[in-house]
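Listing of run.csv; format and content: CSV, C-alpha atoms.
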```
chain,number,residue,atom,x,y,z
A,1,MET,CA,17.3,-21.4,-18.5
A,2,LEU,CA,17.5,-18.3,-16.4
A,3,LYS,CA,16.7,-16.0,-19.4
A,4,LYS,CA,13.7,-18.1,-20.2
A,5,LYS,CA,12.6,-17.9,-16.6
A,6,PHE,CA,13.0,-14.2,-16.4
A,7,GLY,CA,11.1,-13.7,-19.6
A,8,LEU,CA,8.3,-15.8,-18.2
A,9,PHE,CA,8.4,-13.6,-15.1
A,10,ALA,CA,8.0,-10.5,-17.2
A,11,ALA,CA,5.0,-12.0,-18.9
A,12,VAL,CA,3.5,-13.3,-15.7
A,13,THR,CA,4.1,-9.9,-14.0
A,14,LEU,CA,2.2,-8.2,-16.7
A,15,ALA,CA,-0.7,-10.6,-16.3
A,16,GLY,CA,-0.4,-10.3,-12.6
A,17,SER,CA,-0.6,-6.5,-12.7
A,18,VAL,CA,-3.8,-6.7,-14.7
A,19,PHE,CA,-5.2,-9.2,-12.2
A,20,LEU,CA,-4.2,-7.0,-9.2
A,21,ALA,CA,-5.6,-3.9,-10.9
A,22,GLY,CA,-8.9,-5.7,-11.2
A,23,CYS,CA,-9.2,-6.7,-7.6
A,24,GLY,CA,-12.2,-5.0,-6.1
A,25,ASP,CA,-13.4,-3.8,-9.5
A,26,ASP,CA,-16.9,-5.1,-10.4
A,27,ALA,CA,-16.0,-4.8,-14.1
A,28,ALA,CA,-12.9,-7.0,-13.8
A,29,THR,CA,-12.9,-10.0,-16.1
A,30,THR,CA,-10.5,-12.0,-13.8
A,31,GLU,CA,-12.1,-13.2,-10.6
A,32,PRO,CA,-9.8,-13.7,-7.6
A,33,GLU,CA,-9.3,-17.3,-6.5
A,34,GLY,CA,-10.4,-16.5,-3.0
A,35,GLU,CA,-10.2,-14.2,0.0
A,36,GLY,CA,-8.4,-14.7,3.2
A,37,GLU,CA,-9.0,-13.1,6.6
A,38,GLY,CA,-9.4,-9.4,6.3
A,39,GLY,CA,-10.9,-9.5,2.8
A,40,ALA,CA,-7.7,-9.3,0.9
A,41,SER,CA,-7.6,-11.1,-2.4
A,42,ASP,CA,-4.8,-13.5,-3.0
A,43,PRO,CA,-3.1,-14.3,-6.3
A,44,GLU,CA,-2.9,-17.7,-8.0
A,45,PHE,CA,0.9,-17.5,-8.1
A,46,LEU,CA,3.7,-15.9,-6.0
A,47,SER,CA,6.9,-14.3,-7.2
A,48,ILE,CA,9.9,-13.7,-4.8
A,49,LEU,CA,12.3,-11.0,-5.9
A,50,THR,CA,15.8,-11.9,-4.8
A,51,GLY,CA,19.1,-10.3,-6.2
A,52,GLY,CA,21.8,-11.2,-8.6
A,53,THR,CA,22.6,-14.9,-9.3
A,54,THR,CA,26.0,-14.6,-7.6
A,55,GLY,CA,24.7,-13.2,-4.3
A,56,THR,CA,23.0,-14.9,-1.3
A,57,TYR,CA,19.4,-13.8,-2.0
A,58,TYR,CA,19.0,-15.9,-5.1
A,59,PRO,CA,19.8,-19.4,-3.8
A,60,LEU,CA,17.9,-18.7,-0.6
A,61,GLY,CA,14.9,-17.5,-2.6
A,62,GLY,CA,14.9,-20.6,-4.8
A,63,ALA,CA,14.8,-22.8,-1.7
A,64,MET,CA,12.1,-20.7,-0.1
A,65,ALA,CA,10.0,-20.7,-3.3
A,66,THR,CA,10.1,-24.6,-3.3
A,67,ILE,CA,9.1,-24.7,0.4
A,68,ILE,CA,6.3,-22.2,0.0
A,69,GLU,CA,5.0,-24.0,-3.1
A,70,ASN,CA,5.1,-27.4,-1.3
A,71,GLU,CA,3.4,-26.1,1.8
A,72,THR,CA,0.7,-23.7,0.3
A,73,GLY,CA,0.1,-25.3,-3.1
A,74,LEU,CA,0.7,-21.9,-4.8
A,75,ASP,CA,3.0,-21.9,-7.8
A,76,THR,CA,6.0,-19.9,-6.5
A,77,THR,CA,9.1,-18.7,-8.3
A,78,ALA,CA,12.3,-16.9,-7.3
A,79,GLU,CA,13.3,-14.1,-9.7
A,80,VAL,CA,16.6,-12.4,-10.4
A,81,SER,CA,16.5,-8.7,-9.5
A,82,GLN,CA,18.6,-5.6,-8.6
A,83,ALA,CA,18.1,-6.4,-4.9
A,84,SER,CA,17.0,-4.3,-1.9
A,85,ALA,CA,15.9,-0.8,-3.1
A,86,ALA,CA,14.7,-2.0,-6.5
A,87,ASN,CA,12.8,-4.8,-4.8
A,88,MET,CA,10.9,-2.4,-2.5
A,89,THR,CA,9.9,-0.3,-5.5
A,90,ALA,CA,8.9,-3.3,-7.5
A,91,LEU,CA,6.7,-4.7,-4.7
A,92,ALA,CA,5.1,-1.3,-4.3
A,93,ASP,CA,4.4,-1.3,-8.1
A,94,GLY,CA,2.8,-4.7,-7.9
A,95,ALA,CA,5.5,-6.5,-9.9
A,96,ALA,CA,5.8,-9.3,-7.3
A,97,GLN,CA,4.4,-10.3,-4.0
A,98,ILE,CA,7.4,-11.1,-1.8
A,99,ALA,CA,11.0,-9.8,-1.8
A,100,PHE,CA,14.3,-9.9,0.0
A,101,VAL,CA,15.5,-6.5,1.3
A,102,GLN,CA,18.0,-5.2,3.8
A,103,THR,CA,16.5,-3.9,7.1
A,104,ASP,CA,18.1,-0.5,6.5
A,105,THR,CA,16.7,-0.1,3.0
A,106,ALA,CA,13.2,-1.1,4.2
A,107,PHE,CA,13.5,1.6,6.9
A,108,TYR,CA,14.5,4.2,4.3
A,109,ALA,CA,11.5,3.3,2.1
A,110,ALA,CA,9.0,3.5,5.0
A,111,GLU,CA,10.5,6.9,5.9
A,112,GLY,CA,11.0,8.3,2.4
A,113,SER,CA,14.6,9.0,3.0
A,114,ASN,CA,18.0,8.4,1.2
A,115,MET,CA,17.3,6.7,-2.1
A,116,PHE,CA,13.6,7.0,-1.4
A,117,GLU,CA,13.7,10.7,-0.8
A,118,GLY,CA,10.1,12.0,-1.4
A,119,GLU,CA,8.8,8.6,-2.1
A,120,VAL,CA,7.3,6.9,1.0
A,121,ILE,CA,6.4,3.2,0.4
A,122,ASP,CA,3.7,2.3,2.8
A,123,THR,CA,2.1,-0.7,0.9
A,124,VAL,CA,4.8,-3.1,2.0
A,125,SER,CA,5.2,-4.8,5.4
A,126,ALA,CA,7.6,-7.3,6.9
A,127,ILE,CA,7.5,-11.0,7.2
A,128,GLY,CA,10.6,-11.3,9.3
A,129,ALA,CA,14.4,-11.0,9.6
A,130,LEU,CA,16.6,-13.8,8.2
A,131,TYR,CA,20.3,-13.4,8.8
A,132,PRO,CA,23.1,-10.9,9.1
A,133,GLU,CA,24.2,-9.3,5.8
A,134,THR,CA,27.9,-8.6,6.1
A,135,ILE,CA,29.4,-5.5,4.5
A,136,GLN,CA,32.5,-6.8,2.7
A,137,LEU,CA,35.0,-4.5,1.2
A,138,VAL,CA,36.7,-6.9,-1.2
A,139,THR,CA,40.0,-6.5,-3.0
A,140,THR,CA,42.9,-8.7,-4.0
A,141,ALA,CA,46.4,-9.0,-2.6
A,142,ASP,CA,48.0,-7.3,-5.5
A,143,SER,CA,45.8,-4.1,-5.3
A,144,GLY,CA,47.8,-2.5,-2.5
A,145,ILE,CA,44.6,-1.8,-0.6
A,146,ALA,CA,44.8,-2.7,3.1
A,147,SER,CA,42.6,0.0,4.7
A,148,PHE,CA,39.9,2.5,3.9
A,149,ASP,CA,42.6,5.2,3.7
A,150,ASP,CA,43.9,3.4,0.6
A,151,LEU,CA,40.7,3.9,-1.3
A,152,ALA,CA,41.2,7.5,-2.3
A,153,GLY,CA,41.4,8.0,-6.0
A,154,LYS,CA,40.9,4.2,-6.7
A,155,SER,CA,38.2,2.6,-8.8
A,156,ILE,CA,35.7,1.1,-6.4
A,157,SER,CA,32.4,-0.7,-7.1
A,158,VAL,CA,29.8,0.6,-4.8
A,159,GLY,CA,26.9,-1.6,-5.8
A,160,ALA,CA,24.2,-1.7,-8.5
A,161,PRO,CA,22.1,1.4,-8.9
A,162,GLY,CA,19.2,1.3,-6.5
A,163,SER,CA,20.9,-1.2,-4.2
A,164,GLY,CA,21.3,-1.0,-0.4
A,165,THR,CA,25.0,-1.7,-0.9
A,166,TYR,CA,25.4,1.8,-2.3
A,167,ILE,CA,24.1,3.4,0.9
A,168,ASN,CA,26.3,1.1,3.0
A,169,ALA,CA,29.3,2.1,1.0
A,170,GLU,CA,28.4,5.8,1.3
A,171,GLN,CA,28.0,5.6,5.1
A,172,LEU,CA,31.2,3.6,5.6
A,173,LEU,CA,33.1,6.1,3.5
A,174,GLU,CA,31.5,8.9,5.6
A,175,ILE,CA,32.7,7.4,8.9
A,176,HIS,CA,36.2,7.2,7.4
A,177,GLY,CA,36.1,10.9,6.4
A,178,MET,CA,35.4,10.3,2.7
A,179,THR,CA,32.7,10.7,0.2
A,180,MET,CA,31.9,9.2,-3.2
A,181,GLU,CA,33.8,12.1,-4.7
A,182,ASP,CA,37.0,10.8,-3.2
A,183,ILE,CA,36.8,7.6,-5.2
A,184,ASP,CA,36.1,6.6,-8.8
A,185,ALA,CA,32.8,5.0,-8.0
A,186,GLN,CA,31.5,2.2,-10.2
A,187,ASN,CA,27.9,1.0,-10.1
A,188,LEU,CA,28.3,-2.7,-10.6
A,189,ASP,CA,26.4,-5.7,-9.3
A,190,PHE,CA,28.2,-8.6,-7.5
A,191,GLY,CA,28.9,-10.6,-10.6
A,192,GLU,CA,30.2,-7.6,-12.5
A,193,SER,CA,32.4,-6.6,-9.5
A,194,GLN,CA,33.9,-10.1,-9.4
A,195,GLU,CA,34.7,-10.0,-13.1
A,196,SER,CA,36.1,-6.5,-12.9
A,197,LEU,CA,38.3,-7.3,-10.0
A,198,GLN,CA,39.7,-10.4,-11.8
A,199,SER,CA,40.4,-8.4,-14.9
A,200,GLY,CA,42.0,-5.5,-13.0
A,201,GLN,CA,39.4,-2.9,-14.2
A,202,ILE,CA,38.5,-2.0,-10.6
A,203,ASP,CA,40.5,-2.0,-7.4
A,204,ALA,CA,38.0,-3.0,-4.8
A,205,ALA,CA,34.2,-3.6,-4.4
A,206,PHE,CA,31.7,-3.2,-1.6
A,207,ILE,CA,29.5,-6.3,-1.4
A,208,THR,CA,26.7,-6.5,1.2
A,209,ALA,CA,25.6,-10.1,1.4
A,210,GLY,CA,25.6,-13.2,3.7
A,211,THR,CA,28.9,-14.9,3.9
A,212,PRO,CA,30.2,-16.9,2.1
A,213,THR,CA,29.1,-14.9,-1.0
A,214,GLY,CA,29.3,-16.7,-4.4
A,215,ALA,CA,30.9,-13.8,-6.2
A,216,VAL,CA,33.7,-13.6,-3.6
A,217,GLU,CA,34.2,-17.3,-3.6
A,218,SER,CA,34.5,-17.2,-7.4
A,219,LEU,CA,37.1,-14.4,-7.1
A,220,GLY,CA,39.0,-16.5,-4.7
A,221,ALA,CA,39.4,-19.3,-7.2
A,222,THR,CA,41.7,-17.2,-9.3
A,223,SER,CA,43.0,-14.5,-6.9
A,224,ASP,CA,44.1,-14.0,-3.3
A,225,VAL,CA,41.1,-12.3,-1.7
A,226,VAL,CA,41.6,-9.5,0.8
A,227,ILE,CA,38.7,-8.2,3.0
A,228,VAL,CA,39.5,-4.7,4.2
A,229,PRO,CA,38.7,-4.4,7.9
A,230,VAL,CA,36.3,-2.0,9.6
A,231,GLU,CA,38.2,-1.4,12.8
A,232,GLN,CA,36.4,-1.4,16.2
A,233,ASP,CA,36.4,2.4,16.8
A,234,LYS,CA,35.0,3.1,13.3
A,235,ALA,CA,32.4,0.4,13.7
A,236,ASP,CA,31.3,1.9,17.0
A,237,GLU,CA,31.1,5.3,15.5
A,238,LEU,CA,29.0,3.9,12.6
A,239,ILE,CA,26.6,2.0,14.9
A,240,GLU,CA,26.1,5.1,17.1
A,241,LYS,CA,25.1,7.2,14.1
A,242,TYR,CA,23.2,4.4,12.2
A,243,PRO,CA,21.8,2.0,14.8
A,244,TYR,CA,20.6,-0.6,12.2
A,245,TYR,CA,24.2,-1.7,11.9
A,246,ALA,CA,25.8,-4.4,14.1
A,247,HIS,CA,29.3,-5.6,14.7
A,248,ASP,CA,30.2,-8.6,12.5
A,249,VAL,CA,33.2,-10.6,11.2
A,250,VAL,CA,34.1,-12.3,8.0
A,251,PRO,CA,35.2,-15.7,9.4
A,252,SER,CA,38.5,-17.3,8.7
A,253,GLY,CA,38.4,-20.4,6.5
A,254,ILE,CA,36.3,-18.8,3.7
A,255,TYR,CA,37.7,-17.1,0.7
A,256,GLY,CA,41.1,-18.5,1.7
A,257,LEU,CA,41.3,-16.2,4.7
A,258,THR,CA,43.6,-17.4,7.5
A,259,GLU,CA,42.0,-15.2,10.2
A,260,GLU,CA,38.7,-13.5,10.8
A,261,VAL,CA,38.3,-9.9,9.6
A,262,PRO,CA,36.2,-7.4,11.7
A,263,THR,CA,33.4,-5.5,9.9
A,264,VAL,CA,29.7,-4.6,10.3
A,265,SER,CA,26.4,-5.9,9.0
A,266,VAL,CA,22.8,-5.2,8.5
A,267,LEU,CA,20.0,-7.8,8.4
A,268,ALA,CA,18.4,-9.5,5.5
A,269,MET,CA,14.6,-9.7,5.8
A,270,LEU,CA,11.6,-10.7,3.8
A,271,VAL,CA,8.9,-8.2,2.9
A,272,VAL,CA,5.4,-8.7,1.4
A,273,GLN,CA,2.7,-6.7,-0.2
A,274,ASN,CA,0.2,-5.4,2.4
A,275,ASP,CA,-2.8,-6.6,0.5
A,276,LEU,CA,-2.0,-10.3,0.7
A,277,SER,CA,-4.4,-11.9,3.2
A,278,GLU,CA,-3.6,-12.6,6.8
A,279,ASP,CA,-4.2,-16.3,6.2
A,280,LEU,CA,-1.8,-16.5,3.2
A,281,VAL,CA,1.0,-14.6,4.9
A,282,TYR,CA,0.6,-16.7,8.0
A,283,ASP,CA,1.0,-19.8,5.9
A,284,ILE,CA,4.0,-18.4,4.0
A,285,THR,CA,5.7,-17.4,7.3
A,286,LYS,CA,5.0,-20.7,8.9
A,287,ALA,CA,6.3,-22.6,5.8
A,288,ILE,CA,9.6,-20.7,5.8
A,289,TYR,CA,10.5,-20.6,9.5
A,290,GLU,CA,9.4,-24.3,10.2
A,291,ASN,CA,11.3,-25.8,7.2
A,292,THR,CA,14.7,-24.2,7.3
A,293,ASP,CA,16.2,-27.7,7.4
A,294,GLN,CA,15.3,-27.9,3.7
A,295,ILE,CA,17.4,-24.8,2.8
A,296,GLN,CA,20.9,-26.0,1.7
A,297,HIS,CA,22.7,-22.8,2.5
A,298,ALA,CA,25.0,-21.8,5.4
A,299,LYS,CA,22.7,-18.9,6.3
A,300,ALA,CA,19.8,-21.3,7.0
A,301,GLU,CA,21.1,-21.7,10.6
A,302,PHE,CA,20.3,-18.0,11.3
A,303,ILE,CA,16.7,-18.2,10.1
A,304,LYS,CA,14.8,-18.6,13.4
A,305,ALA,CA,11.3,-17.6,14.6
A,306,GLU,CA,12.7,-16.4,17.9
A,307,THR,CA,14.9,-13.8,16.2
A,308,ALA,CA,12.7,-13.0,13.2
A,309,LEU,CA,11.5,-9.6,14.7
A,310,ASP,CA,15.0,-8.3,15.6
A,311,GLY,CA,16.0,-5.2,13.8
A,312,ILE,CA,12.7,-4.7,11.9
A,313,GLY,CA,12.0,-1.0,11.5
A,314,ILE,CA,8.8,-1.3,9.5
A,315,ASP,CA,5.3,-2.7,10.2
A,316,ILE,CA,4.9,-6.5,10.5
A,317,HIS,CA,2.2,-8.0,8.3
A,318,PRO,CA,-0.6,-9.2,10.5
A,319,GLY,CA,-0.3,-12.8,9.2
A,320,ALA,CA,3.4,-12.9,10.1
A,321,GLN,CA,2.7,-11.3,13.5
A,322,LYS,CA,0.0,-14.0,14.2
A,323,TYR,CA,2.5,-16.7,13.5
A,324,PHE,CA,5.3,-15.2,15.7
A,325,ASP,CA,2.8,-14.6,18.5
A,326,GLU,CA,1.9,-18.3,18.5
A,327,VAL,CA,5.5,-19.6,18.6
A,328,ASN,CA,7.4,-17.0,20.6
```

What would the structure in this file look like if it were written as structure tokens?
Amino acid sequence: MLKKKFGLFAAVTLAGSVFLAGCGDDAATTEPEGEGEGGASDPEFLSILTGGTTGTYYPLGGAMATIIENETGLDTTAEVSQASAANMTALADGAAQIAFVQTDTAFYAAEGSNMFEGEVIDTVSAIGALYPETIQLVTTADSGIASFDDLAGKSISVGAPGSGTYINAEQLLEIHGMTMEDIDAQNLDFGESQESLQSGQIDAAFITAGTPTGAVESLGATSDVVIVPVEQDKADELIEKYPYYAHDVVPSGIYGLTEEVPTVSVLAMLVVQNDLSEDLVYDITKAIYENTDQIQHAKAEFIKAETALDGIGIDIHPGAQKYFDEVN
């Protein structure tokens, strides 16, 4: 079912790109359905880029797609993707209209830094922040890894190519006096990390996602999960240098943990193409933030209009700003 859906997405994306390319072109054969405030032409369907199926973005995206479709009447689908950085690039390329991304990754894209060095993305703006994305350094009890000092020379998953997780891993290693050269870095997504930990092919994995994360829960079904702590002094040092981080914990009671583990987090946020109309983005924003009771996920409790502008380092879409101005 997923493969069929993704195949449909590829086909729809191609059609959508032709449509978008024709907007504003007198010779275009496809006429836009209508224009919202500000003259922007809106599509007849919406695609939300999420992440891998074992992360948090995908189930949240599916719930939000249903809400948006019900509230706006636009056919809306949640699509599997390679998450944050890849989502920013895909949105800039016109492959979708809405995407999940980490606040730090969106900042890098707007600045043209880190994985976006020399490539400023200024055609994407924010809808709003959603929930904390916890940086989890995951291993198993039989790995012998209990601290960052134990990572040297070990095989560690640092996230899929183009993911925000990679930068989180790089910066946490830096704060602990290490670089990617000090480990055997593996570019795996969350599902691949889980499978590789279970089979003993890797020793630990960085996973940046809302807790509980499906991949880590699945690992806990067959192994004793260990979350390596980010101690207070190192967290303080990280936040001082990179202020988009915040103190966080992996709570006890999940993954079989008997006590909470200190760590850090960034924020998950939604971004949107700038050229969607103010009216449509207003409706999308209103739909999401006023129907969180329909999202059957633990992270729904964090999705609130009053905190939606926290930690946003890029421009807010005028439609989203209009909604938050009304309710805050």

Leaving out region 283-289 of chain A and any residue of its chain fewer than 4 positions from it, which residues lie within 8 Å of it when counting all atoms listed in the file, given as a ChimeraX atom specification? /A:64,67-68,71-72,127,279,303-305,319-320,323

Which residues come within 9 Å of region 162-169 of chain A, counting all atoms listed in the file, excluding same-chain residues fewer than 2 positions away, as a PyMOL selection string? chain A and resi 82-87+101-102+104-105+114-115+135+137+157-160+171-174+180+187+189+206-209

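Among A:Leu309, A:Val230, A:Val80, A:Val249, the residue with the shortest atom-to-atom distance to Phe148 (chain A), counting all atoms listed in the file, is A:Val230.
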
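Among the candidates A:Asp248, A:Asp233, A:Glu301, A:Asp315, the residue lying nearest to Leu130 (chain A) is A:Glu301 (atoms considered: all atoms listed in the file).
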
Provide the CA of Ser147 (chain A) to CA of Pro243 (chain A) distance in Å, to one decimal place. 23.2 Å

Quick check, in Å to one decimal: how far apart do CA of Ile156 (chain A) and CA of His297 (chain A) lie?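 Distance reported for this atom pair: 28.6 Å.
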
All residues 12 Å or closer to Tyr242 (chain A), only C-alpha atoms, same chain fewer than 4 positions away omitted, as a list of chain:residue names: A:Thr103, A:Asp104, A:Phe107, A:Tyr108, A:Ile167, A:Asn168, A:Gln171, A:Leu172, A:Glu174, A:Ile175, A:Lys234, A:Ala235, A:Asp236, A:Glu237, A:Leu238, A:Ala246, A:His247, A:Val264, A:Ser265, A:Val266

Next, dump the selected residues to file, keeping only C-alpha atoms, as a PDB file, in the frame of the given file.
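So part19.pdb came out as:
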```pdb
ATOM      1  CA  THR A 103      16.500  -3.900   7.100  1.00  0.00           C
ATOM      2  CA  ASP A 104      18.100  -0.500   6.500  1.00  0.00           C
ATOM      3  CA  PHE A 107      13.500   1.600   6.900  1.00  0.00           C
ATOM      4  CA  TYR A 108      14.500   4.200   4.300  1.00  0.00           C
ATOM      5  CA  ILE A 167      24.100   3.400   0.900  1.00  0.00           C
ATOM      6  CA  ASN A 168      26.300   1.100   3.000  1.00  0.00           C
ATOM      7  CA  GLN A 171      28.000   5.600   5.100  1.00  0.00           C
ATOM      8  CA  LEU A 172      31.200   3.600   5.600  1.00  0.00           C
ATOM      9  CA  GLU A 174      31.500   8.900   5.600  1.00  0.00           C
ATOM     10  CA  ILE A 175      32.700   7.400   8.900  1.00  0.00           C
ATOM     11  CA  LYS A 234      35.000   3.100  13.300  1.00  0.00           C
ATOM     12  CA  ALA A 235      32.400   0.400  13.700  1.00  0.00           C
ATOM     13  CA  ASP A 236      31.300   1.900  17.000  1.00  0.00           C
ATOM     14  CA  GLU A 237      31.100   5.300  15.500  1.00  0.00           C
ATOM     15  CA  LEU A 238      29.000   3.900  12.600  1.00  0.00           C
ATOM     16  CA  ALA A 246      25.800  -4.400  14.100  1.00  0.00           C
ATOM     17  CA  HIS A 247      29.300  -5.600  14.700  1.00  0.00           C
ATOM     18  CA  VAL A 264      29.700  -4.600  10.300  1.00  0.00           C
ATOM     19  CA  SER A 265      26.400  -5.900   9.000  1.00  0.00           C
ATOM     20  CA  VAL A 266      22.800  -5.200   8.500  1.00  0.00           C
TER      21      VAL A 266
END
```
